[in-house]
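Okay, so here's the structure we're looking at.
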2 protein chains.
Amino acid sequence: MEQQIPYKIYLKENEMPTAWYNVRADMKNKPAPLLNPGTGKPMTADELGVVFCKELVGQELNDTDRYIPIPEEIRSFYKMYRPSPLVRAYCLEEKLQTPAKIYYKFEGNNTSGSHKLNSAIAQAYYAKKQGLKGVTTETGAGQWGTALSMACSYFGLDCKVYMVKVSYEQKPFRREVMRTYGACVTPSPSDTTEVGRKILAEFPGTTGSLGCAISEAVEDAVSHEGYRYVLGSVLNQVLLHQSVIGLETKAALDQYGITPDIIIGCAGGGSNLGGLIAPFMGEKLRGEKDYRIIAVEPASCPSFTRGRFAYDFCDTGKVCPLAKMYTLGSGFIPAPNHAGGLRYHGMSATLSQLYDDGYMEATTAVQTDVFKAAEAFARVEGILPAPESAHAIKVAIDEAMKCKETGEAKTIVFGLTGTGYFDMVAYERFHNGEMTDYIPTDAELEQSFAKLPKVN
Amino acid sequence: MEQQIPYKIYLKENEMPTAWYNVRADMKNKPAPLLNPGTGKPMTADELGVVFCKELVGQELNDTDRYIPIPEEIRSFYKMYRPSPLVRAYCLEEKLQTPAKIYYKFEGNNTSGSHKLNSAIAQAYYAKKQGLKGVTTETGAGQWGTALSMACSYFGLDCKVYMVKVSYEQKPFRREVMRTYGACVTPSPSDTTEVGRKILAEFPGTTGSLGCAISEAVEDAVSHEGYRYVLGSVLNQVLLHQSVIGLETKAALDQYGITPDIIIGCAGGGSNLGGLIAPFMGEKLRGEKDYRIIAVEPASCPSFTRGRFAYDFCDTGKVCPLAKMYTLGSGFIPAPNHAGGLRYHGMSATLSQLYDDGYMEATTAVQTDVFKAAEAFARVEGILPAPESAHAIKVAIDEAMKCKETGEAKTIVFGLTGTGYFDMVAYERFHNGEMTDYIPTDAELEQSFAKLPKVN
């Protein structure tokens with residue numbers, strides 16, 4: 001072991017980022033604008049302001065400023081649970097007997113259990129600043145909902161969460177954590193919104209999807225005075241806030257003169273991946289350095305690897321603007337046997353553009369392999385990973401094993417986005433041999449693609 | 001806010017303790033020896049060696065060496081999840097509008113969710129070193145069982161856990177975490193041991209107690225070749241290992257020239273409290289400094305505040321040696337409405353002696369007050385505390401509010417032993433207004449005391 005590099009690198013408070021990095025400023029091909037589904041024209045700030053907080057709309061549309069200062073109030077909150085450690089996976093390396101050097105940025109050491117808090121606190125701050133009463137949102141695995149509940153509680157905002165029904169049922173305790181922070185949690189689709197009732201009528205017995213829950217949360221926000229909708233992934237603003245992950249990672253690596261060869265992140269809507277890779281991607285875009293960047297998605301929800309790069313609805317109910325992204329179609333719902341998050345039908349427009357431009361790779365993993373990797377990791381590194389994060393673990397281990405074959409001592413950095421304490425139903429199925437894999441057929445995907453909006 | 005003191009103080013790896021501190025070395029009145037229940041004479045090392053690992057027996061009996069080096073293998077493991085942060089509770093102070101300065105040592109940032117891992121890894125290490133096949137143990141809230149599972153997995157040892165039935169039922173997911181680490185978990189009392197069958201016959205429908213589970217785990221260990229029993233609290237050796245908490249706390253405070261006025265810890269068997277206060281108590285015993293040290297126990301299981309200081313059985317089945325301690329009687333089982341841990345009938349012999357000698361205070365809290373404090377803390381400090389830890393929060397807040405009245409800017413340090421992710425059933429009862437308090441009557445305690453062994 002190279003003892004000169006500690007097991008965990010923590011930045012000091014005065015070394016923490018003071019500005020978010022906006023990768024769009026360095027992109028030649030900017031992500032395509034959000035479109036008004038009625039007119040087919042780019043959404044204006046005023047139109048977006050009906051749904052989103054004003055200052056967040058500004059961030060959403062800003063593709064020119066490279067750095068955006070982090071307000072003092074948010075930096076104070078960050079100090080409660082950040083910096084997160086960059087961990088050298090000495091024990092995993094030893095277990096694998098690989099010459100690779102493996103690092104992971106661990107975002108699970110906060111009560112929301114994931115990186116989602118980085119954007120939740122920012123969005124709650126701007127909602128408070130605007131004088132709103134509260135915000136509405138959706139949550140899948142529950143990490144985003146928990147994070148937002150914590151953030152709203154901190155700023156004294158009302159918080160309404162629509163939780164994908166299958167997660168609501170699989171993770172009953174998540175609801176109680178959100179209630180501890182004062183949030184109101186509704187399983188989605190529900191009969192409390194028009195769009196929810198419509199979806200229930202069309203798909204009785206549906207276990208829900210992020211797309212459905214988004215529709216309900218948006219309807220709730222726009223139909224109540226003093227409320228706006230906030231989203232935990234996909235949007236440019238979220239990737240902006242999450243750049244704190246990558247900025248801390250890079251600062252920690254730089255302190256020890258370490259340059260990664262491969263950077264790996266799990267990808268659902270893209271918030272963690274986009275945040276982790278941000279400053280590295282910036283260097284790549286500016287031609288200063290090169291990195292291999294790998295997105296890992298579930299084989300059951302493969303938007304990058306098998307989706308279309310096209311304008312699509314962000315939600316099932318089609319109440320949101322259209323985004324150009326890698327998508328499986330807004331009606332796509334992963335099979336109910338799919339555990340954990342990473343179940344969104346689309347992918348961040350920013351990451352979609354970068355992927356289309358060849359700046360990153362993508363691969364998939366089936367969930368039994370993912371849980372195998374999760375358990376192996378837990379046993380040697382002492383952290384019980386969220387299933388989402390374990391997608392990155394799986395591919396990091398694969399890459400480390402390739403190094404073992406070739407003898408290369410590559411430096412691998414991956415994002416360990418969160419902990420799996422609320423995923424024990426899935427772990428139980430895995431332990432009992434009841435977990436199955438599901439890969440959608442081409443025919444299923446074609447059927448979904450056929451419903452893509454005509455604007456393309 | 002005094003920005004010169006960061007929100008979180010992390011020691012560097014090379015500042016972490018390299019030896020445990022043995023408070024018994026500085027005690028004039030040593031804790032009374034364990035007695036053989038058959039002969040009434042002090043247990044010899046050989047007798048203890050039937051139940052416990054050899055090197056741990058040495059630590060158990062050692063009341064002369066002030067420092068005991070931490071083996072390199074254990075220090076390596078510690079580096080995976082330690083140092084734990086010493087957090088300045090700026091947000092709580094602001095919320096309370098108190099002049100007090102509040103710090104907490106947070107031990108929950110590891111997958112076992114508590115400080116228990118500090119001793120688990122040490123005990124597993126010595127079991128491995130002795131060439132054992134495996135270990136048996138009991139667990140109440142499940143934190144110790146999880147910690148031991150992790151430690152055994154790390155060293156490749158077999159791990160059998162007897163889990164108090166009420167916790168087993170309230171915390172089904174704890175079992176899955178332990179299974180993730182390869183442990184075998186049995187609800188106690190069970191029909192797999194003689195003593196379990198006997199207890200079930202005598203108290204049908206019992207929800208179990210730590211005392212029962214200990215008896216079963218000990219029977220299992222002594223009746224299987226290559227197994228020994230390990231315990232997560234109460235014992236001298238455990239307090240020794242847990243001194244790492246206090247040593248880190250003191251080192252962090254010393255770096256900023258901070259001297260605490262009040263040190264507060266929750267107390268069940270005493271492992272966290274004993275560990276947290278160790279080096280401070282050492283200074284107090286040596287007459288170098290003075291601190292107010294407060295143990296907080298549940299009103300439903302008040303061994304310090306309402307127990308007898310007497311020799312008693314450590315377990316319900318009376319298979320263990322006798323220990324002189326503050327005890328409610330080995331047959332005492334807290335009411336089933338009691339949530340969380342801190343349910344042991346007795347208290348560490350070391351802490352009992354220190355308490356009897358006037359070196360520390362003790363107080364109680366009822367559980368509805370504890371959960372109120374837990375929720376208030378979660379909302380401002382962003383950490384969802386374990387119910388156990390929230391006993392210390394409750395009293396820390398009380399003391400901070402006294403400072404508000406008097407205008408004194410006292411420095412309060414408390415132990416935040418763990419997280420409450422697996423306690424959401426209890427939180428749910430609290431949210432739904434279904435949580436009740438229970439305080440045993442004097443008559444109930446007298447009935448229990450009447451069964452204390454004759455040796456006294």
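Ordering of the structure tokens sets the chain letters (A, B, ...), residue numbers begin anew at 1 in every chain, and ligands are numbered from 1 in the order given.
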
- Query: If we count only C-alpha atoms, what is near stretch 406-415 of chain B at a cut-off of 10 Å, once residues fewer than 2 positions away on the same chain are taken out, given as number ranges by chain?
  - Reply: B: 86-89, 98-107, 115, 245-246, 249, 253, 258-266, 272-273, 275-277, 292-294, 389-393, 395-397, 399-404, 417-418

Just C-alpha atoms for this one: save the residues we selected as a PDB file, in the first residue's frame.
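Output saved as selection.pdb:
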ATOM      1  CA  LEU B  86     -16.134  16.015  15.836  1.00  0.00           C
ATOM      2  CA  VAL B  87     -18.905  18.329  14.758  1.00  0.00           C
ATOM      3  CA  ARG B  88     -19.545  21.837  16.001  1.00  0.00           C
ATOM      4  CA  ALA B  89     -23.335  22.082  16.200  1.00  0.00           C
ATOM      5  CA  THR B  98     -27.886  29.556  23.306  1.00  0.00           C
ATOM      6  CA  PRO B  99     -24.492  30.984  24.223  1.00  0.00           C
ATOM      7  CA  ALA B 100     -23.350  27.405  24.834  1.00  0.00           C
ATOM      8  CA  LYS B 101     -20.895  25.875  22.392  1.00  0.00           C
ATOM      9  CA  ILE B 102     -22.043  22.405  21.446  1.00  0.00           C
ATOM     10  CA  TYR B 103     -19.903  19.687  19.910  1.00  0.00           C
ATOM     11  CA  TYR B 104     -20.768  16.124  19.101  1.00  0.00           C
ATOM     12  CA  LYS B 105     -18.605  13.190  18.177  1.00  0.00           C
ATOM     13  CA  PHE B 106     -20.470  11.454  15.365  1.00  0.00           C
ATOM     14  CA  GLU B 107     -19.886   7.712  15.207  1.00  0.00           C
ATOM     15  CA  HIS B 115     -19.635   3.190  17.379  1.00  0.00           C
ATOM     16  CA  ILE B 245     -13.781   7.720  20.548  1.00  0.00           C
ATOM     17  CA  GLY B 246     -12.640   9.810  23.477  1.00  0.00           C
ATOM     18  CA  THR B 249     -12.392  13.709  20.566  1.00  0.00           C
ATOM     19  CA  LEU B 253     -10.496  19.592  20.877  1.00  0.00           C
ATOM     20  CA  ILE B 258     -11.045  23.763  23.579  1.00  0.00           C
ATOM     21  CA  THR B 259     -11.773  22.402  27.056  1.00  0.00           C
ATOM     22  CA  PRO B 260     -15.249  20.974  27.555  1.00  0.00           C
ATOM     23  CA  ASP B 261     -17.246  21.858  30.654  1.00  0.00           C
ATOM     24  CA  ILE B 262     -19.804  19.089  30.270  1.00  0.00           C
ATOM     25  CA  ILE B 263     -19.480  15.701  28.583  1.00  0.00           C
ATOM     26  CA  ILE B 264     -22.675  13.772  27.921  1.00  0.00           C
ATOM     27  CA  GLY B 265     -23.210  10.229  26.724  1.00  0.00           C
ATOM     28  CA  CYS B 266     -26.123   7.848  26.481  1.00  0.00           C
ATOM     29  CA  ASN B 272     -20.111   4.523  24.163  1.00  0.00           C
ATOM     30  CA  LEU B 273     -20.138   6.518  27.364  1.00  0.00           C
ATOM     31  CA  GLY B 275     -15.247   5.262  25.415  1.00  0.00           C
ATOM     32  CA  LEU B 276     -16.175   8.899  24.995  1.00  0.00           C
ATOM     33  CA  ILE B 277     -15.235   9.975  28.498  1.00  0.00           C
ATOM     34  CA  ARG B 292     -18.990  17.413  34.546  1.00  0.00           C
ATOM     35  CA  ILE B 293     -19.751  14.005  33.100  1.00  0.00           C
ATOM     36  CA  ILE B 294     -23.368  12.983  32.617  1.00  0.00           C
ATOM     37  CA  SER B 389     -27.974   8.688  20.735  1.00  0.00           C
ATOM     38  CA  ALA B 390     -30.969  10.972  21.111  1.00  0.00           C
ATOM     39  CA  HIS B 391     -30.857  10.454  24.885  1.00  0.00           C
ATOM     40  CA  ALA B 392     -27.614  12.411  24.869  1.00  0.00           C
ATOM     41  CA  ILE B 393     -29.076  15.009  22.498  1.00  0.00           C
ATOM     42  CA  VAL B 395     -29.758  16.321  27.815  1.00  0.00           C
ATOM     43  CA  ALA B 396     -27.303  18.352  25.726  1.00  0.00           C
ATOM     44  CA  ILE B 397     -30.219  20.550  24.642  1.00  0.00           C
ATOM     45  CA  GLU B 399     -27.951  21.925  29.377  1.00  0.00           C
ATOM     46  CA  ALA B 400     -27.670  24.378  26.484  1.00  0.00           C
ATOM     47  CA  MET B 401     -31.023  25.877  27.472  1.00  0.00           C
ATOM     48  CA  LYS B 402     -29.800  26.283  31.046  1.00  0.00           C
ATOM     49  CA  CYS B 403     -26.863  28.248  29.609  1.00  0.00           C
ATOM     50  CA  LYS B 404     -29.359  30.416  27.775  1.00  0.00           C
ATOM     51  CA  THR B 417     -23.353   7.248  18.705  1.00  0.00           C
ATOM     52  CA  GLY B 418     -25.282   6.374  15.583  1.00  0.00           C
TER      53      GLY B 418
END

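Excluding A:Glu381 itself and same-chain residues fewer than 5 positions from it, the residues having an atom within 10 Å of it are Val87, Arg88, Ala89, Tyr90, Cys91, Leu92, Glu93, Lys95, Glu375 and Ala376 of chain A; Phe77, Met80, Tyr81, Thr111, Met150 and Tyr154 of chain B, counting only C-alpha atoms.
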
- Message: When you count only C-alpha atoms, which of these residues is closest to chain B: A:Thr206, A:Asn432, A:Thr363, A:Ser190?
- Response: A:Asn432

- Message: Based on the backbone DSSP call, show me all residues of stretch 277-392 of chain A assigned strand (DSSP E), as a ChimeraX atom specification.
- Response: /A:292-298,308-313,322-327,361-365

- Item | Contact residues around B:Glu434 with only C-alpha atoms at 12 Å, ignoring same-chain residues under 6 positions, as an NGL selection string | :B and (337 or 367-368 or 425-428)

Those residues with N, CA, C and O atoms, as an mmCIF file, in the first residue's frame please?
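Produced file out32.cif, reproduced below:
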data_model
loop_
_atom_site.group_PDB
_atom_site.id
_atom_site.type_symbol
_atom_site.label_atom_id
_atom_site.label_comp_id
_atom_site.auth_asym_id
_atom_site.auth_seq_id
_atom_site.Cartn_x
_atom_site.Cartn_y
_atom_site.Cartn_z
ATOM 1 N N ASN B 337 -42.909 -1.418 24.930
ATOM 2 C CA ASN B 337 -43.047 -0.143 24.215
ATOM 3 C C ASN B 337 -41.723 0.614 24.137
ATOM 4 O O ASN B 337 -41.626 1.628 23.468
ATOM 5 N N GLN B 367 -39.013 8.309 26.594
ATOM 6 C CA GLN B 367 -38.745 8.190 25.161
ATOM 7 C C GLN B 367 -39.484 9.192 24.275
ATOM 8 O O GLN B 367 -38.974 9.560 23.219
ATOM 9 N N THR B 368 -40.641 9.674 24.683
ATOM 10 C CA THR B 368 -41.281 10.697 23.831
ATOM 11 C C THR B 368 -40.440 11.977 23.812
ATOM 12 O O THR B 368 -40.304 12.614 22.774
ATOM 13 N N VAL B 425 -39.622 2.328 12.409
ATOM 14 C CA VAL B 425 -40.881 1.875 13.015
ATOM 15 C C VAL B 425 -41.156 2.702 14.276
ATOM 16 O O VAL B 425 -42.277 3.155 14.514
ATOM 17 N N ALA B 426 -40.127 2.936 15.049
ATOM 18 C CA ALA B 426 -40.287 3.741 16.264
ATOM 19 C C ALA B 426 -40.592 5.199 15.909
ATOM 20 O O ALA B 426 -41.469 5.826 16.508
ATOM 21 N N TYR B 427 -39.871 5.723 14.911
ATOM 22 C CA TYR B 427 -40.160 7.096 14.474
ATOM 23 C C TYR B 427 -41.616 7.196 13.991
ATOM 24 O O TYR B 427 -42.297 8.185 14.246
ATOM 25 N N GLU B 428 -42.062 6.158 13.277
ATOM 26 C CA GLU B 428 -43.435 6.168 12.771
ATOM 27 C C GLU B 428 -44.430 6.229 13.935
ATOM 28 O O GLU B 428 -45.391 7.004 13.897
#

- Task: Find the residue from A:Ile383, A:Ala151, A:Ala122, A:Leu35 that sits nearest to chain B; use only C-alpha atoms when measuring.
- Result: A:Ile383

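Comparing B:Gly433, B:Pro334, B:Pro387, B:Gly382 by their smallest distance to chain A, the closest is B:Gly382 (using only C-alpha atoms).
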
- Message: as an NGL selection string, please: the residues near A:Gly142 (cut-off 10 Å, only C-alpha atoms, same-chain neighbours under 4 positions excluded).
- Response: :A and (112-114 or 138 or 146-148 or 161-164 or 167-168 or 171-175 or 177-178 or 340-341 or 422)

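For the atom pair formed by atom CA of A:Ser448 and atom CA of A:Phe332, the distance is 6.3 Å, given to one decimal.
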
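Taking only C-alpha atoms, the non-local environment of A:Leu285 within 9 Å (same-chain residues fewer than 6 positions away omitted) comprises A:Val23, A:Asp26, A:Met27, A:Lys28, A:Tyr359.
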
Could you turn the residues from that selection into a file that holds N, CA and C atoms, as a JSON list (two decimals), in the first residue's frame?
[["chain", "number", "residue", "atom", "x", "y", "z"],
["A", 23, "VAL", "N", -20.56, 23.22, -17.12],
["A", 23, "VAL", "CA", -19.87, 22.57, -18.24],
["A", 23, "VAL", "C", -20.37, 23.07, -19.59],
["A", 26, "ASP", "N", -18.32, 25.39, -21.76],
["A", 26, "ASP", "CA", -17.20, 24.87, -22.55],
["A", 26, "ASP", "C", -17.63, 23.96, -23.69],
["A", 27, "MET", "N", -18.92, 23.79, -23.88],
["A", 27, "MET", "CA", -19.40, 22.90, -24.96],
["A", 27, "MET", "C", -19.56, 23.69, -26.26],
["A", 28, "LYS", "N", -18.98, 23.14, -27.34],
["A", 28, "LYS", "CA", -19.18, 23.79, -28.64],
["A", 28, "LYS", "C", -20.62, 23.57, -29.08],
["A", 359, "TYR", "N", -17.81, 12.36, -26.37],
["A", 359, "TYR", "CA", -16.95, 12.69, -25.23],
["A", 359, "TYR", "C", -17.02, 11.67, -24.09]]

- Computed gap from atom CA of B:Ala278 to atom CA of B:Phe304 is 18.0 Å

- Task: Could you find all residues in stretch 136-209 of chain B that DSSP calls alpha helix (DSSP H) from the backbone, and write them as a PyMOL selection string?
- Result: chain B and resi 143-155+165-170+172-180+194-202

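From atom CA of A:Trp144 back to atom CA of B:Asn109, the distance works out to 19.7 Å.
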
- Item | Selection: 9 Å around B:Val238, only C-alpha atoms, excl. self and same-chain fewer than 3 positions, as a ChimeraX atom specification | /B:60,118-120,122-123,231-235,241-243,271,274-275

Expected file contents, prior selection, C-alpha atoms, as a tab-separated table (two decimals), in the first residue's frame:
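Dumped everything to again_19.tsv:
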chain	number	residue	atom	x	y	z
B	60	GLU	CA	-10.42	-7.78	30.55
B	118	ASN	CA	-14.67	0.04	17.10
B	119	SER	CA	-14.78	-2.96	19.39
B	120	ALA	CA	-16.18	-5.47	16.89
B	122	ALA	CA	-10.82	-5.57	17.68
B	123	GLN	CA	-12.61	-8.65	19.00
B	231	LEU	CA	-19.94	-8.98	23.71
B	232	GLY	CA	-20.54	-5.48	22.40
B	233	SER	CA	-20.77	-3.55	25.65
B	234	VAL	CA	-20.46	-3.76	29.45
B	235	LEU	CA	-17.05	-5.51	29.53
B	241	HIS	CA	-11.53	-0.42	22.55
B	242	GLN	CA	-14.11	2.33	22.60
B	243	SER	CA	-11.61	4.70	24.18
B	271	SER	CA	-19.65	1.15	25.80
B	274	GLY	CA	-17.08	4.74	28.69
B	275	GLY	CA	-15.25	5.26	25.41
